[in-house]
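Below is final.txt, which holds compact mmCIF, C-alpha atoms.
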```txt
# COMPACT_ATOMS: atom_id res chain seq x y z
CA MET A 1 -16.18 19.38 31.41
CA ILE A 2 -19.57 18.74 29.79
CA ALA A 3 -21.11 18.33 33.25
CA LEU A 4 -19.60 21.68 34.27
CA ILE A 5 -21.07 23.37 31.20
CA LEU A 6 -24.49 21.83 31.83
CA LEU A 7 -24.37 22.91 35.48
CA THR A 8 -23.48 26.45 34.37
CA ILE A 9 -26.42 26.52 31.96
CA GLY A 10 -28.65 25.05 34.66
CA GLY A 11 -27.84 27.97 36.95
CA LEU A 12 -25.94 26.07 39.65
CA PHE A 13 -23.47 28.91 39.98
CA HIS A 14 -26.07 31.70 40.05
CA PRO A 15 -26.07 32.10 43.87
CA LEU A 16 -22.27 32.26 43.88
CA THR A 17 -22.25 34.70 40.95
CA ASN A 18 -24.86 36.89 42.64
CA MET A 19 -22.83 36.91 45.85
CA PHE A 20 -19.62 37.94 44.05
CA ARG A 21 -21.54 40.52 42.08
CA ALA A 22 -23.04 42.01 45.24
CA VAL A 23 -19.54 42.32 46.71
CA THR A 24 -17.90 43.77 43.60
CA LEU A 25 -20.75 45.99 42.37
CA PRO A 26 -19.77 48.98 44.58
CA VAL A 27 -16.23 48.77 43.17
CA VAL A 28 -17.46 48.61 39.57
CA ARG A 29 -19.99 51.37 40.22
CA GLY A 30 -17.33 53.61 41.79
CA VAL A 31 -14.64 52.96 39.19
CA SER A 32 -16.93 53.36 36.17
CA GLY A 33 -18.57 56.42 37.75
CA GLY A 34 -15.18 58.01 38.36
CA ALA A 35 -14.08 57.25 34.81
CA GLN A 36 -17.28 58.68 33.35
CA TYR A 37 -16.89 61.83 35.44
CA LEU A 38 -13.28 62.17 34.28
CA VAL A 39 -14.18 61.64 30.63
CA LYS A 40 -17.04 64.12 30.91
CA SER A 41 -14.92 66.79 32.57
CA VAL A 42 -12.14 66.37 29.99
CA THR A 43 -14.48 66.48 26.99
CA ARG A 44 -16.32 69.47 28.49
CA ASP A 45 -13.32 71.65 27.70
CA THR A 46 -12.94 70.69 24.08
CA GLY A 47 -14.27 73.76 22.25
CA ASP A 48 -16.66 73.11 19.40
CA ALA A 49 -17.59 69.58 20.35
CA ALA A 50 -18.64 70.81 23.78
CA LYS A 51 -20.73 73.60 22.24
CA VAL A 52 -22.50 71.13 19.96
CA THR A 53 -23.23 68.88 22.92
CA GLU A 54 -24.52 71.80 24.95
CA LEU A 55 -26.80 72.96 22.14
CA GLN A 56 -28.02 69.40 21.64
CA THR A 57 -28.80 69.13 25.34
CA ARG A 58 -30.67 72.43 25.26
CA LEU A 59 -32.62 71.27 22.22
CA GLU A 60 -33.52 68.06 24.03
CA HIS A 61 -34.71 70.08 27.03
CA LEU A 62 -36.84 72.29 24.76
CA GLN A 63 -38.37 69.25 23.06
CA VAL A 64 -39.14 67.67 26.40
CA ASP A 65 -40.72 70.91 27.62
CA TYR A 66 -42.77 71.12 24.44
CA VAL A 67 -43.98 67.56 24.86
CA LYS A 68 -44.85 68.16 28.49
CA LEU A 69 -46.78 71.30 27.57
CA LYS A 70 -48.66 69.50 24.84
CA ALA A 71 -49.46 66.61 27.12
CA LEU A 72 -50.70 68.97 29.84
CA GLU A 73 -52.79 70.89 27.36
CA GLU A 74 -54.35 67.67 26.18
CA GLU A 75 -55.01 66.54 29.70
CA ASN A 76 -56.51 69.85 30.71
CA THR A 77 -58.93 69.84 27.85
CA SER A 78 -60.15 66.42 28.84
CA LEU A 79 -60.62 67.72 32.41
CA ARG A 80 -58.24 65.22 33.93
CA ALA A 81 -56.65 66.78 36.95
CA GLN A 82 -53.09 65.83 36.31
CA ALA A 83 -50.10 68.00 37.07
CA GLY A 84 -46.99 65.97 36.43
CA PHE A 85 -46.42 63.06 34.14
CA LEU A 86 -44.86 60.55 36.48
CA GLU A 87 -47.28 61.05 39.39
CA ASP A 88 -50.38 61.03 37.26
CA SER A 89 -49.45 58.10 35.08
CA GLY A 90 -49.00 55.87 38.08
CA TYR A 91 -45.26 55.43 37.59
CA ASP A 92 -42.25 56.35 39.62
CA HIS A 93 -38.63 55.93 38.67
CA VAL A 94 -35.53 54.14 39.87
CA GLY A 95 -32.27 55.92 39.13
CA ALA A 96 -29.51 53.72 37.72
CA ARG A 97 -25.95 54.13 36.57
CA VAL A 98 -24.76 52.73 33.25
CA ILE A 99 -21.91 50.34 34.05
CA GLY A 100 -21.49 48.65 30.69
CA ARG A 101 -22.52 48.93 27.09
CA GLU A 102 -22.55 46.80 23.97
CA ILE A 103 -23.35 49.14 21.10
CA LYS A 104 -21.98 47.68 17.90
CA ASN A 105 -23.24 46.22 14.65
CA ASN A 106 -26.95 45.51 15.11
CA MET A 107 -26.81 45.37 18.87
CA ALA A 108 -27.50 48.26 21.23
CA HIS A 109 -27.61 47.21 24.86
CA ILE A 110 -26.52 48.85 28.11
CA LEU A 111 -25.92 47.32 31.52
CA ILE A 112 -27.34 49.15 34.56
CA ASP A 113 -26.61 48.69 38.25
CA ARG A 114 -30.21 47.92 39.25
CA GLY A 115 -31.92 44.56 39.18
CA SER A 116 -34.78 42.50 40.54
CA LYS A 117 -33.82 43.50 44.10
CA ASP A 118 -34.78 47.07 43.15
CA HIS A 119 -38.16 45.90 41.80
CA VAL A 120 -37.03 46.33 38.21
CA GLU A 121 -38.96 44.06 35.83
CA LEU A 122 -38.68 42.89 32.25
CA GLY A 123 -40.23 45.23 29.69
CA GLN A 124 -40.18 48.35 31.88
CA ALA A 125 -39.46 51.61 30.08
CA VAL A 126 -36.09 53.30 30.61
CA ILE A 127 -35.61 57.04 30.19
CA THR A 128 -32.72 59.51 30.42
CA ASP A 129 -32.57 62.03 33.23
CA ASP A 130 -34.15 64.48 30.75
CA GLY A 131 -37.16 62.22 30.29
CA LEU A 132 -36.30 60.90 26.81
CA PHE A 133 -37.29 57.30 26.11
CA ILE A 134 -34.25 55.12 25.37
CA GLY A 135 -35.45 51.51 25.57
CA LYS A 136 -36.85 48.70 27.66
CA VAL A 137 -35.47 46.28 30.23
CA ASP A 138 -34.46 43.16 28.29
CA GLN A 139 -32.68 40.89 30.77
CA ILE A 140 -32.69 40.98 34.52
CA GLN A 141 -30.64 39.58 37.36
CA GLU A 142 -30.57 40.26 41.08
CA HIS A 143 -28.28 43.29 41.06
CA ILE A 144 -28.02 44.26 37.40
CA ALA A 145 -30.21 44.52 34.31
CA VAL A 146 -29.69 44.81 30.56
CA VAL A 147 -31.59 47.51 28.69
CA ALA A 148 -32.26 47.02 24.97
CA LEU A 149 -31.98 50.49 23.44
CA LEU A 150 -34.55 51.58 20.87
CA THR A 151 -32.00 51.29 18.04
CA ASP A 152 -31.35 47.61 18.82
CA LEU A 153 -32.38 45.33 15.96
CA GLU A 154 -34.93 43.49 18.11
CA SER A 155 -36.39 46.57 19.81
CA ARG A 156 -40.08 47.37 19.19
CA VAL A 157 -42.17 50.05 20.82
CA ALA A 158 -45.67 51.32 20.00
CA ALA A 159 -45.61 55.00 19.06
CA LYS A 160 -47.86 57.95 18.29
CA LEU A 161 -47.37 61.50 17.14
CA ILE A 162 -47.09 64.11 19.83
CA ASP A 163 -50.35 65.89 19.20
CA LYS A 164 -52.40 62.84 18.34
CA ARG A 165 -54.17 60.35 20.54
CA GLU A 166 -54.19 57.30 18.32
CA LEU A 167 -51.38 54.83 17.68
CA VAL A 168 -49.46 55.73 14.53
CA GLY A 169 -46.97 52.88 14.19
CA VAL A 170 -44.20 50.84 15.70
CA VAL A 171 -40.66 52.14 16.26
CA GLU A 172 -38.31 49.34 15.20
CA GLY A 173 -34.57 49.38 15.83
CA ARG A 174 -32.38 48.95 12.77
CA GLY A 175 -28.98 48.76 14.45
CA ASN A 176 -26.05 51.14 13.93
CA GLY A 177 -27.84 53.92 15.83
CA THR A 178 -30.92 54.07 13.60
CA ALA A 179 -34.62 53.38 14.05
CA VAL A 180 -37.62 53.29 11.73
CA LEU A 181 -41.28 54.03 12.37
CA THR A 182 -43.24 51.32 10.53
CA PHE A 183 -46.88 50.42 9.86
CA ILE A 184 -47.92 54.06 9.55
CA PRO A 185 -51.42 54.24 8.05
CA ASN A 186 -51.38 56.20 4.81
CA ASN A 187 -53.96 58.66 6.13
CA ALA A 188 -52.08 59.37 9.36
CA GLY A 189 -50.91 62.76 8.10
CA ILE A 190 -47.30 62.16 9.07
CA GLN A 191 -44.71 64.76 8.03
CA LYS A 192 -40.99 65.36 8.35
CA ASP A 193 -39.80 66.83 11.68
CA MET A 194 -42.83 65.56 13.59
CA ILE A 195 -42.06 64.36 17.09
CA VAL A 196 -42.77 60.73 17.93
CA VAL A 197 -43.66 59.67 21.47
CA THR A 198 -44.61 56.41 23.14
CA ALA A 199 -48.23 55.42 22.61
CA GLY A 200 -48.80 53.93 26.04
CA THR A 201 -50.46 50.82 24.68
CA GLU A 202 -47.86 48.54 26.29
CA SER A 203 -48.44 47.59 29.89
CA LYS A 204 -45.10 48.82 31.26
CA VAL A 205 -44.43 51.74 28.92
CA PRO A 206 -46.33 54.93 29.81
CA PRO A 207 -47.51 57.32 27.07
CA ASN A 208 -45.92 60.60 25.94
CA LEU A 209 -42.27 59.73 26.45
CA VAL A 210 -40.30 61.43 23.68
CA ILE A 211 -38.62 58.96 21.31
CA GLY A 212 -37.34 61.01 18.40
CA VAL A 213 -38.10 63.03 15.28
CA ILE A 214 -39.19 61.93 11.79
CA ASN A 215 -36.42 62.35 9.23
CA LYS A 216 -37.65 60.89 5.96
CA ILE A 217 -40.94 59.30 4.95
CA GLU A 218 -40.84 56.33 2.61
CA GLY A 219 -43.69 54.85 0.56
CA GLU A 220 -46.08 55.67 -2.26
CA ASP A 221 -49.48 57.34 -2.02
CA THR A 222 -51.08 54.05 -3.00
CA ASP A 223 -49.35 52.03 -0.27
CA PRO A 224 -51.58 51.07 2.65
CA PHE A 225 -48.75 51.63 5.11
CA LEU A 226 -45.76 53.98 5.10
CA SER A 227 -42.50 53.88 6.98
CA ALA A 228 -40.29 56.70 8.18
CA SER A 229 -36.68 56.87 9.29
CA MET A 230 -36.29 58.42 12.72
CA GLU A 231 -33.58 60.13 14.66
CA PRO A 232 -33.65 59.35 18.38
CA TYR A 233 -33.32 62.44 20.58
CA ALA A 234 -31.25 60.78 23.29
CA LEU A 235 -27.51 60.42 22.74
CA LEU A 236 -27.54 56.68 23.16
CA ASP A 237 -23.78 56.18 23.10
CA ARG A 238 -23.15 58.69 25.90
CA LEU A 239 -25.63 57.54 28.52
CA GLN A 240 -24.37 57.72 32.09
CA PHE A 241 -27.47 57.89 34.29
CA VAL A 242 -30.89 56.53 33.38
CA SER A 243 -34.21 55.96 35.14
CA VAL A 244 -36.31 52.82 35.01
CA LEU A 245 -40.04 53.59 35.16
CA ARG A 246 -42.01 51.23 37.35
CA PRO A 247 -45.63 51.26 38.41
CA THR A 248 -46.07 52.97 41.77
CA ALA A 249 -47.77 49.80 43.00
CA LEU A 250 -44.32 48.17 42.98
CA ARG A 251 -42.69 50.95 45.00
CA PRO A 252 -41.01 49.34 48.01
CA ARG A 253 -42.67 50.21 51.31
CA LEU A 254 -40.38 52.04 53.75
CA MET B 1 3.41 33.65 48.29
CA ILE B 2 3.99 37.31 47.46
CA ARG B 3 4.27 36.42 43.79
CA ILE B 4 0.96 34.58 43.90
CA LEU B 5 -0.70 37.58 45.56
CA LEU B 6 0.84 39.91 42.99
CA THR B 7 -0.45 37.64 40.22
CA ILE B 8 -3.97 37.72 41.68
CA LEU B 9 -3.70 41.51 42.06
CA LEU B 10 -2.66 41.84 38.42
CA GLY B 11 -5.62 39.68 37.42
CA LEU B 12 -7.97 41.91 39.44
CA VAL B 13 -6.56 45.08 37.88
CA VAL B 14 -7.01 43.63 34.39
CA GLY B 15 -10.51 42.41 35.32
CA ILE B 16 -11.56 45.82 36.68
CA TRP B 17 -10.21 47.55 33.58
CA GLU B 18 -12.10 45.20 31.25
CA ALA B 19 -15.36 45.09 33.22
CA ALA B 20 -15.70 48.56 34.72
CA LEU B 21 -13.59 50.95 32.66
CA ARG B 22 -13.42 49.78 29.05
CA PRO B 23 -17.20 49.96 28.47
CA VAL B 24 -17.44 53.59 29.59
CA VAL B 25 -14.29 55.25 28.23
CA PRO B 26 -14.09 56.65 24.66
CA PRO B 27 -13.33 53.96 22.02
CA ILE B 28 -9.89 55.38 21.26
CA ILE B 29 -8.62 54.59 24.77
CA SER B 30 -10.73 51.46 25.24
CA ILE B 31 -7.62 49.28 25.10
CA PRO B 32 -7.97 45.49 25.46
CA LEU B 33 -5.63 44.53 28.30
CA LEU B 34 -6.60 40.93 29.02
CA LEU B 35 -5.03 39.25 26.01
CA PRO B 36 -1.69 41.15 26.05
CA ALA B 37 -1.41 40.51 29.80
CA VAL B 38 -2.03 36.78 29.28
CA ILE B 39 0.53 36.52 26.46
CA LEU B 40 3.19 38.44 28.42
CA MET B 41 2.58 36.24 31.46
CA VAL B 42 2.93 33.11 29.33
CA VAL B 43 6.21 34.20 27.73
CA THR B 44 7.79 35.72 30.83
CA SER B 45 6.51 33.71 33.78
CA LYS B 46 5.46 30.26 34.91
CA SER B 47 2.45 28.64 33.26
CA SER B 48 0.70 28.25 36.60
CA ARG B 49 0.92 31.99 37.22
CA ALA B 50 -0.40 32.76 33.75
CA ILE B 51 -3.38 30.48 34.40
CA LEU B 52 -3.98 32.02 37.85
CA MET B 53 -3.87 35.57 36.49
CA THR B 54 -6.21 34.66 33.62
CA MET B 55 -8.70 32.93 35.90
CA THR B 56 -8.78 35.88 38.33
CA ALA B 57 -9.32 38.38 35.52
CA VAL B 58 -11.97 36.43 33.60
CA THR B 59 -13.90 35.52 36.76
CA PHE B 60 -14.26 39.24 37.46
CA ILE B 61 -15.11 40.03 33.84
CA GLY B 62 -17.66 37.19 33.75
CA LEU B 63 -19.70 38.83 36.52
CA TYR B 64 -20.53 41.75 34.21
CA GLN B 65 -20.46 39.96 30.85
CA VAL B 66 -24.19 39.45 30.42
CA PHE B 67 -24.93 40.47 26.85
CA TYR B 68 -24.26 37.01 25.40
CA PHE B 69 -24.16 33.47 26.67
CA ASP B 70 -20.48 33.03 27.40
CA LEU B 71 -18.58 30.36 29.32
CA ILE B 72 -15.81 32.90 29.75
CA VAL B 73 -13.77 31.11 32.44
CA LEU B 74 -13.75 27.78 30.60
CA ARG B 75 -13.01 29.48 27.29
CA TRP B 76 -10.08 31.46 28.59
CA VAL B 77 -8.56 28.59 30.54
CA ALA B 78 -8.66 26.58 27.30
CA ILE B 79 -7.15 29.48 25.35
CA VAL B 80 -4.30 29.98 27.81
CA LEU B 81 -3.54 26.24 27.85
CA ILE B 82 -3.36 26.23 24.04
CA VAL B 83 -1.11 29.31 24.08
CA ILE B 84 1.17 27.68 26.66
CA SER B 85 1.44 24.54 24.50
CA LEU B 86 2.19 26.59 21.40
CA SER B 87 4.87 28.58 23.21
CA ARG B 88 6.51 25.37 24.45
CA TYR B 89 6.43 23.27 21.32
CA TRP B 90 6.03 25.56 18.34
CA LEU B 91 6.80 29.24 18.85
CA THR B 92 9.60 28.39 21.22
CA ASN B 93 11.92 31.36 20.78
CA ARG B 94 11.27 34.21 23.17
CA SER B 95 11.10 37.06 20.68
CA VAL B 96 8.74 39.93 20.13
CA TYR B 97 7.63 38.36 16.83
CA SER B 98 6.66 35.04 18.36
CA SER B 99 4.87 36.86 21.20
CA VAL B 100 2.83 38.92 18.73
CA ALA B 101 2.08 35.76 16.73
CA LEU B 102 0.86 34.08 19.92
CA GLY B 103 -1.31 37.14 20.54
CA VAL B 104 -2.91 36.92 17.10
CA ILE B 105 -3.56 33.19 17.53
CA ALA B 106 -5.06 33.79 20.99
CA ARG B 107 -7.33 36.55 19.63
CA VAL B 108 -8.57 34.32 16.81
CA LEU B 109 -9.22 31.57 19.37
CA ASP B 110 -11.05 34.07 21.61
CA TRP B 111 -13.31 35.35 18.82
CA GLY B 112 -13.91 31.90 17.35
CA SER B 113 -14.80 30.32 20.67
CA LEU B 114 -17.00 33.27 21.73
CA TYR B 115 -18.86 33.10 18.42
CA ALA B 116 -19.39 29.35 18.80
CA VAL B 117 -20.38 29.44 22.48
CA SER B 118 -22.76 32.39 22.09
CA HIS B 119 -24.52 30.75 19.15
CA ILE B 120 -24.77 27.42 20.97
CA GLY B 121 -26.31 29.44 23.81
CA LEU B 122 -29.14 30.51 21.50
CA PHE B 123 -30.39 26.92 21.52
CA LEU B 124 -29.70 26.09 25.15
CA THR B 125 -30.59 29.31 26.97
CA ASN B 126 -32.94 32.28 26.72
CA TYR B 127 -30.32 34.58 25.23
CA SER B 128 -31.59 35.98 21.95
CA ARG B 129 -28.40 37.19 20.30
CA GLY B 130 -25.10 35.62 19.33
CA TRP B 131 -21.81 37.44 19.29
CA GLY B 132 -20.53 38.87 16.01
CA ILE B 133 -17.10 40.16 15.03
CA PRO B 134 -16.95 43.88 15.90
CA SER B 135 -16.62 46.38 13.05
CA GLY B 136 -13.29 47.65 14.44
CA TRP B 137 -11.68 44.19 14.66
CA TYR B 138 -8.47 45.38 13.01
CA LEU B 139 -8.07 48.02 15.72
CA THR B 140 -8.28 45.32 18.38
CA LEU B 141 -5.63 43.26 16.59
CA GLY B 142 -3.47 46.38 16.23
CA TYR B 143 -3.83 47.23 19.91
CA ASP B 144 -2.95 43.63 20.83
CA ALA B 145 0.22 43.68 18.73
CA ILE B 146 1.34 47.11 19.97
CA LEU B 147 0.68 46.32 23.63
CA ILE B 148 2.42 42.93 23.44
CA ALA B 149 5.44 44.47 21.69
CA LEU B 150 5.63 47.38 24.15
CA GLY B 151 5.24 45.05 27.12
CA PHE B 152 7.90 42.75 25.72
CA PHE B 153 10.39 45.60 25.23
CA LEU B 154 9.61 46.99 28.68
CA ILE B 155 10.14 43.64 30.40
CA SER B 156 13.30 42.88 28.45
CA SER B 157 14.74 46.30 29.32
CA ILE B 158 14.16 46.03 33.07
CA THR B 159 14.85 42.33 33.53
CA ASN B 160 17.29 39.86 32.03
CA ARG B 161 14.65 37.28 31.13
CA PHE B 162 15.26 37.45 27.40
CA GLN B 163 19.08 37.73 27.52
CA PRO B 164 20.97 34.82 25.91
CA SER B 165 22.32 32.48 28.59
CA VAL B 166 26.09 32.72 27.99
CA GLN B 167 28.57 31.41 30.56
CA ARG B 168 30.52 34.19 32.28
CA GLU B 169 33.87 32.80 31.18
CA ASN B 170 32.66 32.87 27.57
CA ALA B 171 31.14 36.31 27.85
CA LYS B 172 34.43 38.09 27.09
CA LYS B 173 34.73 36.09 23.91
CA TYR B 174 31.29 37.29 22.83
CA HIS B 175 32.13 40.92 23.85
CA MET B 176 29.44 40.92 26.49
CA ILE B 177 31.70 42.41 29.21
```
Represent the structure from my file as structure tokens, please.
Amino acid sequence: MIALILLTIGGLFHPLTNMFRAVTLPVVRGVSGGAQYLVKSVTRDTGDAAKVTELQTRLEHLQVDYVKLKALEEENTSLRAQAGFLEDSGYDHVGARVIGREIKNNMAHILIDRGSKDHVELGQAVITDDGLFIGKVDQIQEHIAVVALLTDLESRVAAKLIDKRELVGVVEGRGNGTAVLTFIPNNAGIQKDMIVVTAGTESKVPPNLVIGVINKIEGEDTDPFLSASMEPYALLDRLQFVSVLRPTALRPRL
Amino acid sequence: MIRILLTILLGLVVGIWEAALRPVVPPIISIPLLLPAVILMVVTSKSSRAILMTMTAVTFIGLYQVFYFDLIVLRWVAIVLIVISLSRYWLTNRSVYSSVALGVIARVLDWGSLYAVSHIGLFLTNYSRGWGIPSGWYLTLGYDAILIALGFFLISSITNRFQPSVQRENAKKYHMI
């Protein structure tokens, strides 16, 4: 028994597991996709809840548009001939379906149906189909990967304010669907309702991906650093399709 | 042979539900099927079939259980063996109460062993998080009890597995015919 456990830890069964996973993944993908479609179509007809969701989605779209406009404006003024975020930042995206989730207590992880075979790597940024940042790739296997959402207790991402160039702090997950922007310099001029985006200082996370909005600022005027509670824009418990951003250099050649 | 195939099929259905459907459906209908299915198999069928069904289901679940370090197949085989022993030597009467009690014991064993294994994994592997008891643990226990009771009543109403074994010549005496 102990030998069996040690062999499991040592990865002896990985090839067998990968083979079974490759065979069963289409079934899991199809069944979970069908269930998600069914759930979505049922909840779509439920009056007020559906209206709230629709308005939230429209708000997200507006925020994304605003961020894109700001980013373009900034780029234009610096005479950089860039037209679209993904092309110009040297990233493209791999679409993935959410096939599992573990969002409870301090943990916020999702399982996606893309892995190292699709050139997904650890630390790559993951966004919704609307372009909202949701987290980074945390674990990876051949056919699947685990994404740590930005509200996960161990999640950290460098952030800046939408209309600023410099880094303003670090978005830290606090579990239970919350996140906090920490290490904000006292003179950063941060205010409630400001939009926080990725800073782009991490190698696999491009800049200007919308993270969320500032809710409440905490700290005294004399404190060197402030912190602020944040509300993520993406509905992290309802994710169905996501995109993993990868450098275009890793795009598979056809 | 057909019964073995049906057992494997049942295990696959349970495995697909747990691995592919439960994570994506709303929490209110995210019903845990594995444990009630195991308990009902133990109390209504042969031990070997209960083990076969459990192994089929947890092998499938294990392919997509990647959030924690979890020796799921070994854990569940151990759990089902303990449940079989308890049902043979301790909770021997085939009643809905003993079945629910077995279910509660199995759930405690499941959570306890998952907690232990996942935390041991923190030292032995590169997993960074151990499993913790979910906030809605009482709902899981409630679902287990309801599903086991419903399954028990359903099986007892369509089969004669839980009928007292009274000789036919004595049946008249006991007003059974």
Interface list for chain A, partner chain B, 6 Å threshold, only C-alpha atoms, as a list in words: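 The contacting residues on chain A are Val28, Ser32, Gly100 and Arg101 of chain A.
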Atomic separation - CA of Leu102 (chain B) relative to CA of Thr140 (chain B), Å: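 Computing it gives 14.6 Å between the two atoms.
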Test item: residues at most 9 Å from Arg107 (chain B), only C-alpha atoms, excluding those fewer than 2 positions along its chain, as a short mmCIF file (atom, residue, chain, number, x, y, z; two decimals) with C-alpha atoms, keeping the file's coordinate frame:
```cif
data_model
loop_
_atom_site.label_atom_id
_atom_site.label_comp_id
_atom_site.auth_asym_id
_atom_site.auth_seq_id
_atom_site.Cartn_x
_atom_site.Cartn_y
_atom_site.Cartn_z
CA LEU B 35 -5.03 39.25 26.01
CA LEU B 102 0.86 34.08 19.92
CA GLY B 103 -1.31 37.14 20.54
CA VAL B 104 -2.91 36.92 17.10
CA ILE B 105 -3.56 33.19 17.53
CA LEU B 109 -9.22 31.57 19.37
CA ASP B 110 -11.05 34.07 21.61
CA TRP B 111 -13.31 35.35 18.82
CA GLY B 112 -13.91 31.90 17.35
CA THR B 140 -8.28 45.32 18.38
CA LEU B 141 -5.63 43.26 16.59
CA ASP B 144 -2.95 43.63 20.83
#
```
Pick from B:Leu154, B:Ala145, B:Leu12, B:Ile31 nearest to Met55 (chain B), counting all atoms listed in the file: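 Nearest candidate to Met55 (chain B) out of B:Leu154, B:Ala145, B:Leu12, B:Ile31: B:Leu12.
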For Thr17 (chain A): contacts at 12 Å, all atoms listed in the file, fewer than 2 positions along chain excluded, given as JSON, numbers by chain: {"A": [8, 11, 12, 13, 14, 15, 19, 20, 21, 22, 23, 24, 25, 141, 142, 143, 144], "B": [59, 60, 61, 62, 63, 64, 65, 66]}
For region 82-96 of chain B, find every residue with an atom within 10 Å (counting only C-alpha atoms), except residues of its own chain fewer than 2 positions away, and show them as a compact mmCIF listing (two decimals) with C-alpha atoms, in the coordinates of the input.
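For reference, part_10.txt as written:
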```txt
# COMPACT_ATOMS: atom_id res chain seq x y z
CA VAL B 38 -2.03 36.78 29.28
CA ILE B 39 0.53 36.52 26.46
CA MET B 41 2.58 36.24 31.46
CA VAL B 42 2.93 33.11 29.33
CA VAL B 43 6.21 34.20 27.73
CA THR B 44 7.79 35.72 30.83
CA LYS B 46 5.46 30.26 34.91
CA SER B 47 2.45 28.64 33.26
CA SER B 48 0.70 28.25 36.60
CA ALA B 50 -0.40 32.76 33.75
CA ILE B 51 -3.38 30.48 34.40
CA TRP B 76 -10.08 31.46 28.59
CA VAL B 77 -8.56 28.59 30.54
CA ALA B 78 -8.66 26.58 27.30
CA ILE B 79 -7.15 29.48 25.35
CA VAL B 80 -4.30 29.98 27.81
CA SER B 98 6.66 35.04 18.36
CA SER B 99 4.87 36.86 21.20
CA VAL B 100 2.83 38.92 18.73
CA ALA B 101 2.08 35.76 16.73
CA LEU B 102 0.86 34.08 19.92
CA GLY B 103 -1.31 37.14 20.54
CA ILE B 105 -3.56 33.19 17.53
CA ALA B 106 -5.06 33.79 20.99
CA LEU B 109 -9.22 31.57 19.37
CA ALA B 145 0.22 43.68 18.73
CA ILE B 148 2.42 42.93 23.44
CA ALA B 149 5.44 44.47 21.69
CA LEU B 150 5.63 47.38 24.15
CA GLY B 151 5.24 45.05 27.12
CA PHE B 152 7.90 42.75 25.72
CA PHE B 153 10.39 45.60 25.23
CA SER B 156 13.30 42.88 28.45
CA ARG B 161 14.65 37.28 31.13
CA PHE B 162 15.26 37.45 27.40
CA GLN B 163 19.08 37.73 27.52
```
Atom pair CA of Gln124 (chain A) / CA of Phe183 (chain A): separation (Å): 23.1 Å
For CA of Asn160 (chain B) and CA of Thr56 (chain B), the interatomic separation in Å (one decimal):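 That distance, rounded to one decimal, is 27.1 Å.
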